file data-v6.tsv (TSV, C-alpha atoms)
chain	number	residue	atom	x	y	z
X	416	MET	CA	100.74	-15.31	57.47
X	417	ARG	CA	97.02	-15.95	57.99
X	418	HIS	CA	95.66	-19.10	56.36
X	419	VAL	CA	92.10	-19.31	54.99
X	420	LEU	CA	90.21	-22.48	54.15
X	421	VAL	CA	87.55	-22.12	51.45
X	422	ALA	CA	85.08	-24.98	51.90
X	423	GLY	CA	83.21	-25.39	48.64
X	424	LYS	CA	83.42	-23.97	45.15
X	425	VAL	CA	83.11	-20.17	44.99
X	426	HIS	CA	83.31	-17.62	42.19
X	427	PRO	CA	86.88	-16.78	41.14
X	428	SER	CA	86.30	-13.14	42.10
X	429	GLY	CA	86.10	-14.29	45.72
X	430	THR	CA	89.38	-16.16	45.69
X	431	ALA	CA	90.91	-13.16	43.88
X	432	VAL	CA	90.14	-11.07	46.98
X	433	LEU	CA	92.07	-13.55	49.14
X	434	GLU	CA	94.90	-13.75	46.60
X	435	ALA	CA	95.30	-9.97	46.62
X	436	ALA	CA	95.30	-9.69	50.42
X	437	GLU	CA	98.71	-9.11	51.93
X	438	GLY	CA	99.83	-11.74	54.44
X	439	VAL	CA	97.04	-14.19	53.54
X	440	THR	CA	97.31	-17.69	52.10
X	441	PHE	CA	94.36	-19.87	51.18
X	442	GLU	CA	93.32	-23.25	49.88
X	443	VAL	CA	90.07	-24.33	48.25
X	444	VAL	CA	88.35	-27.67	48.84
X	445	ASP	CA	85.88	-27.89	45.96
X	446	ASP	CA	84.29	-31.17	47.04
X	447	PRO	CA	80.88	-30.35	48.57
X	448	ASP	CA	81.02	-33.43	50.82
X	449	PRO	CA	81.40	-32.06	54.39
X	450	ALA	CA	84.01	-34.72	55.13
X	451	ALA	CA	86.30	-33.28	52.46
X	452	TYR	CA	87.15	-30.04	54.24
X	453	LEU	CA	87.36	-31.35	57.81
X	454	PRO	CA	90.99	-32.60	57.65
X	455	ARG	CA	92.09	-29.08	56.69
X	456	LEU	CA	90.45	-27.35	59.66
X	457	PRO	CA	93.40	-27.54	62.11
X	458	ASP	CA	95.45	-25.14	59.95
X	459	ALA	CA	92.66	-22.66	59.23
X	460	GLN	CA	92.58	-19.20	60.82
X	461	GLY	CA	89.74	-18.14	58.55
X	462	LEU	CA	86.97	-20.32	57.12
X	463	LEU	CA	84.85	-19.38	54.11
X	464	LEU	CA	81.89	-21.76	54.26
X	465	ARG	CA	79.51	-22.60	51.41
X	466	THR	CA	76.74	-25.02	52.39
X	467	GLN	CA	78.62	-27.48	54.60
X	468	PRO	CA	77.65	-27.86	58.26
X	469	LEU	CA	79.93	-26.51	60.99
X	470	THR	CA	79.33	-28.30	64.28
X	471	ALA	CA	80.83	-27.84	67.73
X	472	ALA	CA	83.11	-30.82	67.03
X	473	HIS	CA	84.32	-29.23	63.81
X	474	ILE	CA	85.02	-25.96	65.60
X	475	ALA	CA	86.94	-27.78	68.34
X	476	ALA	CA	89.09	-29.33	65.60
X	477	ALA	CA	90.10	-25.85	64.40
X	478	PRO	CA	92.26	-24.48	67.24
X	479	ARG	CA	93.59	-21.49	65.25
X	480	LEU	CA	90.22	-20.40	63.86
X	481	SER	CA	89.40	-16.72	64.41
X	482	VAL	CA	86.64	-15.97	61.88
X	483	VAL	CA	83.98	-17.80	59.85
X	484	ALA	CA	82.38	-16.20	56.79
X	485	ARG	CA	79.22	-17.72	55.34
X	486	HIS	CA	78.81	-17.63	51.57
X	487	GLY	CA	75.21	-16.46	52.03
X	488	VAL	CA	72.87	-15.15	54.70
X	489	GLY	CA	71.59	-18.35	56.31
X	490	PHE	CA	73.46	-20.15	59.09
X	491	ASP	CA	71.12	-22.97	60.15
X	492	ALA	CA	73.90	-25.55	59.88
X	493	VAL	CA	76.45	-23.55	61.91
X	494	ASP	CA	76.81	-23.96	65.68
X	495	VAL	CA	76.82	-20.26	66.53
X	496	ASP	CA	76.99	-20.91	70.28
X	497	ALA	CA	80.19	-22.92	69.86
X	498	LEU	CA	81.72	-20.11	67.83
X	499	SER	CA	80.62	-17.52	70.39
X	500	ALA	CA	82.14	-19.53	73.22
X	501	ARG	CA	85.49	-19.15	71.47
X	502	GLY	CA	84.91	-15.47	70.61
X	503	ILE	CA	84.84	-16.26	66.89
X	504	PRO	CA	82.62	-14.00	64.76
X	505	LEU	CA	80.29	-15.50	62.18
X	506	ALA	CA	79.89	-13.09	59.26
X	507	ILE	CA	77.22	-13.24	56.57
X	508	VAL	CA	77.08	-11.43	53.24
X	509	GLY	CA	74.15	-9.09	53.93
X	510	ASP	CA	71.81	-7.92	51.22
X	511	VAL	CA	73.40	-9.34	48.10
X	512	ASN	CA	70.74	-11.84	47.05
X	513	SER	CA	67.34	-10.31	47.83
X	514	ARG	CA	66.62	-9.28	44.24
X	515	ALA	CA	67.71	-12.67	42.89
X	516	VAL	CA	65.51	-14.58	45.36
X	517	ALA	CA	62.56	-12.26	44.72
X	518	GLU	CA	62.91	-12.80	40.96
X	519	HIS	CA	62.95	-16.55	41.54
X	520	ALA	CA	59.86	-16.36	43.74
X	521	MET	CA	58.08	-14.37	41.04
X	522	MET	CA	59.11	-16.96	38.46
X	523	LEU	CA	57.70	-19.76	40.64
X	524	ILE	CA	54.46	-17.80	41.11
X	525	LEU	CA	54.05	-17.40	37.35
X	526	ALA	CA	55.05	-20.99	36.58
X	527	ALA	CA	52.80	-22.49	39.26
X	528	ARG	CA	49.85	-20.26	38.47
X	529	ARG	CA	50.14	-21.02	34.73
X	530	ARG	CA	50.69	-24.77	35.44
X	531	LEU	CA	53.94	-24.73	33.47
X	532	VAL	CA	55.26	-28.15	34.50
X	533	GLU	CA	51.94	-29.85	33.87
X	534	SER	CA	51.57	-28.22	30.46
X	535	ALA	CA	55.15	-28.91	29.35
X	536	THR	CA	54.92	-32.53	30.47
X	537	ALA	CA	51.70	-33.02	28.52
X	538	LEU	CA	53.21	-31.54	25.36
X	539	ARG	CA	56.28	-33.77	25.61
X	540	ALA	CA	53.92	-36.74	25.89
X	541	GLY	CA	52.19	-35.68	22.68
X	542	ASP	CA	49.06	-34.32	24.35
X	543	TRP	CA	48.51	-31.09	22.42
X	544	ASN	CA	44.89	-30.93	23.59
X	545	HIS	CA	45.95	-30.54	27.22
X	546	ARG	CA	45.61	-26.81	26.57
X	547	ASN	CA	41.85	-27.25	26.40
X	548	ALA	CA	41.70	-28.01	30.12
X	549	PHE	CA	41.89	-24.24	30.74
X	550	ALA	CA	43.78	-24.93	33.98
X	551	SER	CA	46.19	-22.02	33.56
X	552	ARG	CA	45.42	-18.94	35.67
X	553	GLU	CA	46.56	-15.34	35.25
X	554	VAL	CA	48.29	-13.40	38.01
X	555	ASP	CA	46.80	-10.05	37.00
X	556	GLY	CA	44.18	-9.18	39.62
X	557	ALA	CA	45.10	-12.14	41.85
X	558	THR	CA	45.79	-11.57	45.56
X	559	LEU	CA	49.34	-12.29	46.69
X	560	LEU	CA	49.91	-12.80	50.41
X	561	VAL	CA	53.54	-12.01	51.25
X	562	VAL	CA	54.42	-13.67	54.56
X	563	GLY	CA	57.46	-11.84	55.90
X	564	PHE	CA	58.21	-8.35	54.66
X	565	GLY	CA	61.96	-8.06	54.86
X	566	ARG	CA	64.22	-7.26	51.94
X	567	ILE	CA	63.08	-10.19	49.79
X	568	GLY	CA	59.39	-9.75	50.59
X	569	ARG	CA	59.57	-6.07	49.67
X	570	GLN	CA	61.36	-6.82	46.40
X	571	LEU	CA	58.76	-9.46	45.52
X	572	ALA	CA	55.90	-7.07	46.29
X	573	ARG	CA	57.32	-4.55	43.80
X	574	LEU	CA	57.68	-7.20	41.11
X	575	ALA	CA	54.21	-8.66	41.72
X	576	ALA	CA	52.58	-5.23	41.71
X	577	ALA	CA	54.04	-4.65	38.23
X	578	PHE	CA	52.18	-7.78	37.12
X	579	GLY	CA	48.92	-6.32	38.43
X	580	MET	CA	48.68	-8.41	41.59
X	581	ARG	CA	46.97	-7.14	44.72
X	582	ILE	CA	49.47	-7.31	47.59
X	583	VAL	CA	48.61	-8.23	51.17
X	584	VAL	CA	51.35	-8.41	53.80
X	585	HIS	CA	51.52	-10.48	56.98
X	586	ASP	CA	54.47	-9.61	59.20
X	587	PRO	CA	54.00	-8.94	62.94
X	588	PHE	CA	57.40	-7.27	63.07
X	589	ALA	CA	56.95	-4.86	60.16
X	590	ASP	CA	56.37	-1.18	60.81
X	591	ALA	CA	52.97	-0.53	59.27
X	592	ALA	CA	54.00	3.05	58.53
X	593	THR	CA	56.64	1.78	56.10
X	594	VAL	CA	54.41	-0.74	54.32
X	595	GLU	CA	52.61	0.57	51.26
X	596	HIS	CA	50.27	-2.41	51.03
X	597	GLU	CA	47.35	-3.81	52.99
X	598	MET	CA	48.50	-5.38	56.26
X	599	ALA	CA	46.89	-8.55	57.61
X	600	ALA	CA	47.30	-9.13	61.33
X	601	ASP	CA	45.68	-12.57	61.32
X	602	LEU	CA	47.53	-15.14	59.19
X	603	GLY	CA	44.61	-17.56	59.02
X	604	ALA	CA	42.19	-14.96	57.67
X	605	ALA	CA	44.80	-13.74	55.19
X	606	LEU	CA	45.40	-17.28	53.93
X	607	ALA	CA	41.69	-17.71	53.28
X	608	GLY	CA	41.63	-14.70	50.97
X	609	ALA	CA	44.86	-15.32	49.07
X	610	ASP	CA	45.25	-16.70	45.57
X	611	VAL	CA	49.02	-17.00	46.02
X	612	VAL	CA	51.04	-17.26	49.24
X	613	SER	CA	54.78	-16.58	49.16
X	614	ILE	CA	56.86	-17.22	52.29
X	615	HIS	CA	59.85	-15.07	53.28
X	616	VAL	CA	60.54	-15.68	56.98
X	617	PRO	CA	63.30	-17.49	58.90
X	618	LYS	CA	62.58	-20.89	60.38
X	619	THR	CA	62.37	-20.67	64.15
X	620	GLY	CA	60.34	-23.77	64.96
X	621	GLY	CA	57.92	-26.12	63.25
X	622	ALA	CA	55.89	-25.61	60.10
X	623	LEU	CA	54.34	-22.18	59.62
X	624	ILE	CA	51.93	-23.57	57.04
X	625	GLY	CA	50.54	-26.88	58.22
X	626	ARG	CA	47.45	-28.93	57.59
X	627	ASP	CA	45.12	-26.51	59.39
X	628	GLU	CA	46.47	-23.49	57.52
X	629	ILE	CA	46.24	-25.24	54.15
X	630	ALA	CA	42.64	-26.22	54.93
X	631	ARG	CA	41.76	-22.52	55.15
X	632	MET	CA	43.12	-21.75	51.70
X	633	LYS	CA	41.26	-21.63	48.41
X	634	ALA	CA	41.05	-24.84	46.43
X	635	ASP	CA	43.02	-23.35	43.52
X	636	ALA	CA	45.54	-21.40	45.62
X	637	VAL	CA	49.30	-21.54	45.07
X	638	ILE	CA	51.98	-21.83	47.77
X	639	VAL	CA	55.54	-20.65	47.04
X	640	ASN	CA	58.45	-21.23	49.42
X	641	THR	CA	61.91	-19.81	48.73
X	642	ALA	CA	62.74	-19.25	52.41
X	643	ARG	CA	63.53	-22.41	54.38
X	644	GLY	CA	62.54	-26.05	54.09
X	645	GLY	CA	60.09	-27.15	56.76
X	646	LEU	CA	58.16	-23.88	56.85
X	647	VAL	CA	55.51	-25.72	54.84
X	648	ASP	CA	54.41	-29.15	56.08
X	649	GLU	CA	55.39	-31.23	53.04
X	650	ALA	CA	53.14	-34.18	53.88
X	651	ALA	CA	50.13	-31.88	54.27
X	652	LEU	CA	51.04	-30.04	51.06
X	653	LEU	CA	51.27	-33.28	49.07
X	654	GLU	CA	47.98	-34.49	50.56
X	655	ALA	CA	46.27	-31.23	49.57
X	656	LEU	CA	47.66	-31.33	46.02
X	657	ASP	CA	46.64	-34.95	45.54
X	658	GLY	CA	43.19	-34.24	46.98
X	659	GLY	CA	42.62	-31.25	44.71
X	660	HIS	CA	42.48	-28.80	47.59
X	661	LEU	CA	45.40	-26.72	46.33
X	662	GLY	CA	46.09	-25.58	42.80
X	663	ALA	CA	49.89	-25.79	42.70
X	664	ALA	CA	53.12	-25.08	44.53
X	665	GLY	CA	56.52	-23.58	43.77
X	666	LEU	CA	59.30	-24.90	46.00
X	667	ASP	CA	62.97	-23.97	46.08
X	668	VAL	CA	63.62	-25.37	49.57
X	669	PHE	CA	62.88	-28.70	51.22
X	670	GLU	CA	62.91	-30.18	54.70
X	671	ALA	CA	65.57	-32.69	53.59
X	672	GLU	CA	68.11	-31.31	51.14
X	673	PRO	CA	68.63	-32.77	48.70
X	674	PRO	CA	65.26	-34.54	48.64
X	675	ALA	CA	65.33	-38.31	48.31
X	676	PRO	CA	65.28	-39.67	44.74
X	677	GLY	CA	61.71	-40.06	43.58
X	678	ASP	CA	60.36	-37.68	46.21
X	679	PRO	CA	56.63	-37.47	45.34
X	680	LEU	CA	56.48	-33.73	45.98
X	681	VAL	CA	59.35	-32.99	43.60
X	682	ALA	CA	57.78	-35.27	40.98
X	683	HIS	CA	54.25	-33.90	41.36
X	684	PRO	CA	52.88	-32.48	38.09
X	685	ARG	CA	51.57	-29.35	39.83
X	686	VAL	CA	54.80	-28.58	41.67
X	687	VAL	CA	57.53	-26.41	40.21
X	688	ALA	CA	60.62	-27.54	42.10
X	689	THR	CA	64.12	-26.07	42.01
X	690	PRO	CA	67.25	-27.14	43.97
X	691	HIS	CA	67.59	-24.32	46.54
X	692	SER	CA	68.94	-22.16	43.76
X	693	ALA	CA	66.93	-18.94	44.09
X	694	GLY	CA	69.99	-16.90	45.09
X	695	LEU	CA	72.46	-18.72	42.89
X	696	THR	CA	72.52	-16.54	39.81
X	697	ALA	CA	75.92	-15.92	38.23
X	698	GLU	CA	75.80	-12.32	39.41
X	699	CYS	CA	74.73	-13.19	42.95
X	700	ALA	CA	77.29	-15.99	43.27
X	701	GLU	CA	80.01	-13.48	42.46
X	702	ARG	CA	78.69	-10.93	44.97
X	703	MET	CA	78.46	-13.55	47.73
X	704	ALA	CA	81.97	-14.84	47.10
X	705	VAL	CA	83.48	-11.35	47.08
X	706	VAL	CA	81.71	-10.19	50.25
X	707	ALA	CA	82.46	-13.43	52.13
X	708	ALA	CA	86.15	-13.19	51.23
X	709	ARG	CA	86.25	-9.51	52.15
X	710	ASN	CA	84.70	-10.30	55.51
X	711	ILE	CA	87.62	-12.58	56.32
X	712	VAL	CA	90.25	-10.10	55.09
X	713	ASP	CA	88.50	-7.27	56.94
X	714	HIS	CA	88.49	-9.32	60.15
X	715	PHE	CA	92.23	-9.90	59.88
X	716	ALA	CA	92.66	-6.14	59.39
X	717	GLY	CA	90.40	-5.27	62.33
X	718	ARG	CA	87.70	-3.61	60.24
X	719	LEU	CA	84.97	-6.27	59.92
X	720	ASP	CA	81.57	-4.58	59.53
X	721	PRO	CA	79.60	-5.30	62.75
X	722	ALA	CA	76.34	-5.19	60.78
X	723	LEU	CA	77.38	-8.39	59.00
X	724	VAL	CA	78.23	-10.31	62.16
X	725	VAL	CA	75.58	-12.70	63.47
X	726	ASN	CA	77.03	-13.05	66.99
X	727	ARG	CA	77.95	-9.40	67.33
X	728	ALA	CA	78.78	-9.60	71.04
X	729	VAL	CA	82.00	-11.50	70.29
X	730	LEU	CA	83.48	-8.46	68.56
X	731	ASP	CA	84.54	-7.19	71.97
X	732	THR	CA	86.07	-10.56	72.91
X	733	PRO	CA	89.45	-11.74	71.55
X	734	PRO	CA	89.18	-15.19	69.91
X	735	VAL	CA	90.24	-18.06	72.14
X	736	GLU	CA	92.72	-20.54	70.68
X	737	ALA	CA	91.47	-24.03	71.38
X	738	ALA	CA	93.71	-26.84	72.49
X	739	ARG	CA	94.97	-28.78	69.51
X	740	PRO	CA	93.33	-32.20	69.18
X	741	ALA	CA	95.48	-35.11	70.29
X	742	THR	CA	97.25	-36.91	67.48
call {"tool": "encode", "arguments": {"input": "data-v6.tsv", "output": "C-alpha cells"}}
result
Amino acid sequence: MRHVLVAGKVHPSGTAVLEAAEGVTFEVVDDPDPAAYLPRLPDAQGLLLRTQPLTAAHIAAAPRLSVVARHGVGFDAVDVDALSARGIPLAIVGDVNSRAVAEHAMMLILAARRRLVESATALRAGDWNHRNAFASREVDGATLLVVGFGRIGRQLARLAAAFGMRIVVHDPFADAATVEHEMAADLGAALAGADVVSIHVPKTGGALIGRDEIARMKADAVIVNTARGGLVDEAALLEALDGGHLGAAGLDVFEAEPPAPGDPLVAHPRVVATPHSAGLTAECAERMAVVAARNIVDHFAGRLDPALVVNRAVLDTPPVEAARPAT
C-alpha cells in the first residue's frame, strides 16, 4: 500500500481520486498550521501540499517520500533542490486557474479604477455626496499594460479588450509573432503611458515595480498585482498613494502573507485588497484538488505527466529513501 498525506483542506473531489485509487491509503490534516502536518511526514510516500512550506528539514523527515504534488502552480515555499537531491518529483497542476486569476485581475482593475472601496466606505458612513467627487474613472479607452504575457496575461488581455481597453504588452520572453497587441520593449516607457498596470510574472528577485518605476507612472494610474507578493515595493506604493501620485491599487498578494493586522496598505481607502484568493473559486479549487491527487496516483502508476513536473530531470532518477530520523 502507498500512503498519501494531504496537508491542508482540499475539495472532496480530490480526496475521492485518492479513495478510488487501488493500493493507496491517505489521511488529511486540515489544520493550515505547518506544524500540524509535520508529525505525519515519516509515513508519507506521497504528499499533497496546499500552502504550507516544505523545507529541506521537512523532506529529510520523510524517508519514504517519493512524490510531492502542489495544490497550485507556485512552489516558492518548497525546497526544490532538496527534493531533486532525493530524486523526488515536484508536480504542479498546470493550467487550471488562469481564467480564474484573470477574472480576478479584471475585477480588481474595475474596482480600483471605479474607486469601489472608497465609495462604499463613504456610503456606509452616511456620505451620499461622496459621489460628487467624480473620482471614479472608466476603463473604456484606458491603456492597460500587461506585464508578463503567459496564460493569465493572455486571458486578461481578452477580457480587458472586451471592456474597450487598449492593450500594451511587456514581456521580453514572448514571441512577438504570437502577440496580437502592441509590444513594449522598454518597461519604463510603457509604465509612463499606462492608465492601468497588471502584473503577471514570477518573482525571481527584488521588486519589479519600485519607487523609480512608480515615479514614472501617471498620477491617477492603477497598479494591480495578482502574481506574487514583493513584485511591487509596498512601502513605495503606500507612499505614492498617500502622496496622491497614484490613483489606486488592486492587490491579491503581499510580501508577508497574511499581512499584519492593521497593515496600512490593506486598510488604505484606495486599495482593493483580497487574501491571495484570485485562483480560489469553487470551480478552480475542485480542478486543483483533482489534478494534484491524480499527479500522485499517476506517479505511483509510472505515468506522471512530465509537463507538470517542475524538476523534470529527476524523472530519470529513482527516488532515494532517506535514513529514518533517530527516535
call {"tool": "residues_around", "arguments": {"input": "data-v6.tsv", "residues": "range 596-607 of chain X", "least_positions_apart": "4", "cutoff": "9 Å", "atoms": "all atoms listed in the file", "output": "list in words"}}
result
Leu560, Val562, Ala572, Arg581, Ile582, Val583, Val584, His585, Asp586, Pro587, Ala591, Val611, Val612, Asp627, Glu628, Ile629, Ala630, Arg631, Met632 and Lys633 of chain X
call {"tool": "write_last_selection", "arguments": {"input": "data-v6.tsv", "atoms": "C-alpha atoms", "output": "JSON list (two decimals), keeping the file's coordinate frame"}}
result
[["chain", "number", "residue", "atom", "x", "y", "z"],
["X", 560, "LEU", "CA", 49.91, -12.80, 50.41],
["X", 562, "VAL", "CA", 54.42, -13.67, 54.56],
["X", 572, "ALA", "CA", 55.90, -7.07, 46.29],
["X", 581, "ARG", "CA", 46.97, -7.14, 44.72],
["X", 582, "ILE", "CA", 49.47, -7.31, 47.59],
["X", 583, "VAL", "CA", 48.61, -8.23, 51.17],
["X", 584, "VAL", "CA", 51.35, -8.41, 53.80],
["X", 585, "HIS", "CA", 51.52, -10.48, 56.98],
["X", 586, "ASP", "CA", 54.47, -9.61, 59.20],
["X", 587, "PRO", "CA", 54.00, -8.94, 62.94],
["X", 591, "ALA", "CA", 52.97, -0.53, 59.27],
["X", 611, "VAL", "CA", 49.02, -17.00, 46.02],
["X", 612, "VAL", "CA", 51.04, -17.26, 49.24],
["X", 627, "ASP", "CA", 45.12, -26.51, 59.39],
["X", 628, "GLU", "CA", 46.47, -23.49, 57.52],
["X", 629, "ILE", "CA", 46.24, -25.24, 54.15],
["X", 630, "ALA", "CA", 42.64, -26.22, 54.93],
["X", 631, "ARG", "CA", 41.76, -22.52, 55.15],
["X", 632, "MET", "CA", 43.12, -21.75, 51.70],
["X", 633, "LYS", "CA", 41.26, -21.63, 48.41]]
call {"tool": "residues_around", "arguments": {"input": "data-v6.tsv", "residues": "Asn512 in chain X", "least_positions_apart": "3", "cutoff": "7 Å", "atoms": "all atoms listed in the file", "output": "PyMOL selection string"}}
result
chain X and resi 515-516+694+699
call {"tool": "closest_residue", "arguments": {"input": "data-v6.tsv", "among": "X:Pro457, X:Ala475, X:Val511, X:Ala422", "to": "Val705 in chain X", "atoms": "all atoms listed in the file"}}
result
X:Val511
call {"tool": "atom_distance", "arguments": {"input": "data-v6.tsv", "atom1": "CA of Glu442 in chain X", "atom2": "CA of Val482 in chain X"}}
result
15.5 Å
call {"tool": "residues_near_point", "arguments": {"input": "data-v6.tsv", "point": "(49.8, -21.9, 38.4)", "cutoff": "8 Å", "atoms": "all atoms listed in the file", "output": "MDAnalysis selection string"}}
result
chainID X and resid 524:531 551:553 637 662:664 685
call {"tool": "residues_near_point", "arguments": {"input": "data-v6.tsv", "point": "(71.6, -15.1, 55.1)", "cutoff": "7 Å", "atoms": "all atoms listed in the file", "output": "PyMOL selection string"}}
result
chain X and resi 487-490+507-509
call {"tool": "atom_distance", "arguments": {"input": "data-v6.tsv", "atom1": "CA of Pro673 in chain X", "atom2": "CA of Thr470 in chain X"}}
result
19.4 Å
call {"tool": "residues_around", "arguments": {"input": "data-v6.tsv", "residues": "range 567-571 of chain X", "least_positions_apart": "4", "cutoff": "9 Å", "atoms": "all atoms listed in the file", "output": "list in words"}}
result
Asn512, Ser513, Arg514, Ala515, Val516, Ala517, Glu518, Ala520, Met521, Val561, Val562, Gly563, Ala575, Ala576, Val584, Val594, Ser613, Ile614, His615 and Val616 of chain X
call {"tool": "atom_distance", "arguments": {"input": "data-v6.tsv", "atom1": "CA of Ala477 in chain X", "atom2": "CA of Gly461 in chain X"}}
result
9.7 Å
call {"tool": "closest_residue", "arguments": {"input": "data-v6.tsv", "among": "X:Leu680, X:Ala655, X:Ala708, X:Val554", "to": "Leu523 in chain X", "atoms": "only C-alpha atoms"}}
result
X:Val554
call {"tool": "residues_around", "arguments": {"input": "data-v6.tsv", "residues": "Val443 in chain X", "least_positions_apart": "2", "cutoff": "8 Å", "atoms": "only C-alpha atoms", "output": "MDAnalysis selection string"}}
result
chainID X and resid 420:424 441 445
call {"tool": "residues_around", "arguments": {"input": "data-v6.tsv", "residues": "Arg727 in chain X", "least_positions_apart": "3", "cutoff": "10 Å", "atoms": "only C-alpha atoms", "output": "mmCIF file with C-alpha atoms, keeping the file's coordinate frame"}}
result
data_model
loop_
_atom_site.group_PDB
_atom_site.id
_atom_site.type_symbol
_atom_site.label_atom_id
_atom_site.label_comp_id
_atom_site.auth_asym_id
_atom_site.auth_seq_id
_atom_site.Cartn_x
_atom_site.Cartn_y
_atom_site.Cartn_z
ATOM 1 C CA SER X 499 80.620 -17.520 70.390
ATOM 2 C CA GLY X 502 84.910 -15.470 70.610
ATOM 3 C CA ILE X 503 84.840 -16.260 66.890
ATOM 4 C CA PRO X 504 82.620 -14.000 64.760
ATOM 5 C CA LEU X 505 80.290 -15.500 62.180
ATOM 6 C CA ALA X 506 79.890 -13.090 59.260
ATOM 7 C CA ASP X 720 81.570 -4.580 59.530
ATOM 8 C CA PRO X 721 79.600 -5.300 62.750
ATOM 9 C CA ALA X 722 76.340 -5.190 60.780
ATOM 10 C CA LEU X 723 77.380 -8.390 59.000
ATOM 11 C CA VAL X 724 78.230 -10.310 62.160
ATOM 12 C CA LEU X 730 83.480 -8.460 68.560
ATOM 13 C CA ASP X 731 84.540 -7.190 71.970
ATOM 14 C CA THR X 732 86.070 -10.560 72.910
#
call {"tool": "closest_residue", "arguments": {"input": "data-v6.tsv", "among": "X:Asp667, X:Asp510, X:Glu701, X:Asp635", "to": "Arg566 in chain X", "atoms": "all atoms listed in the file"}}
result
X:Asp510
call {"tool": "closest_residue", "arguments": {"input": "data-v6.tsv", "among": "X:Gly438, X:Gly644, X:Pro734, X:Gly665", "to": "Val532 in chain X", "atoms": "all atoms listed in the file"}}
result
X:Gly665
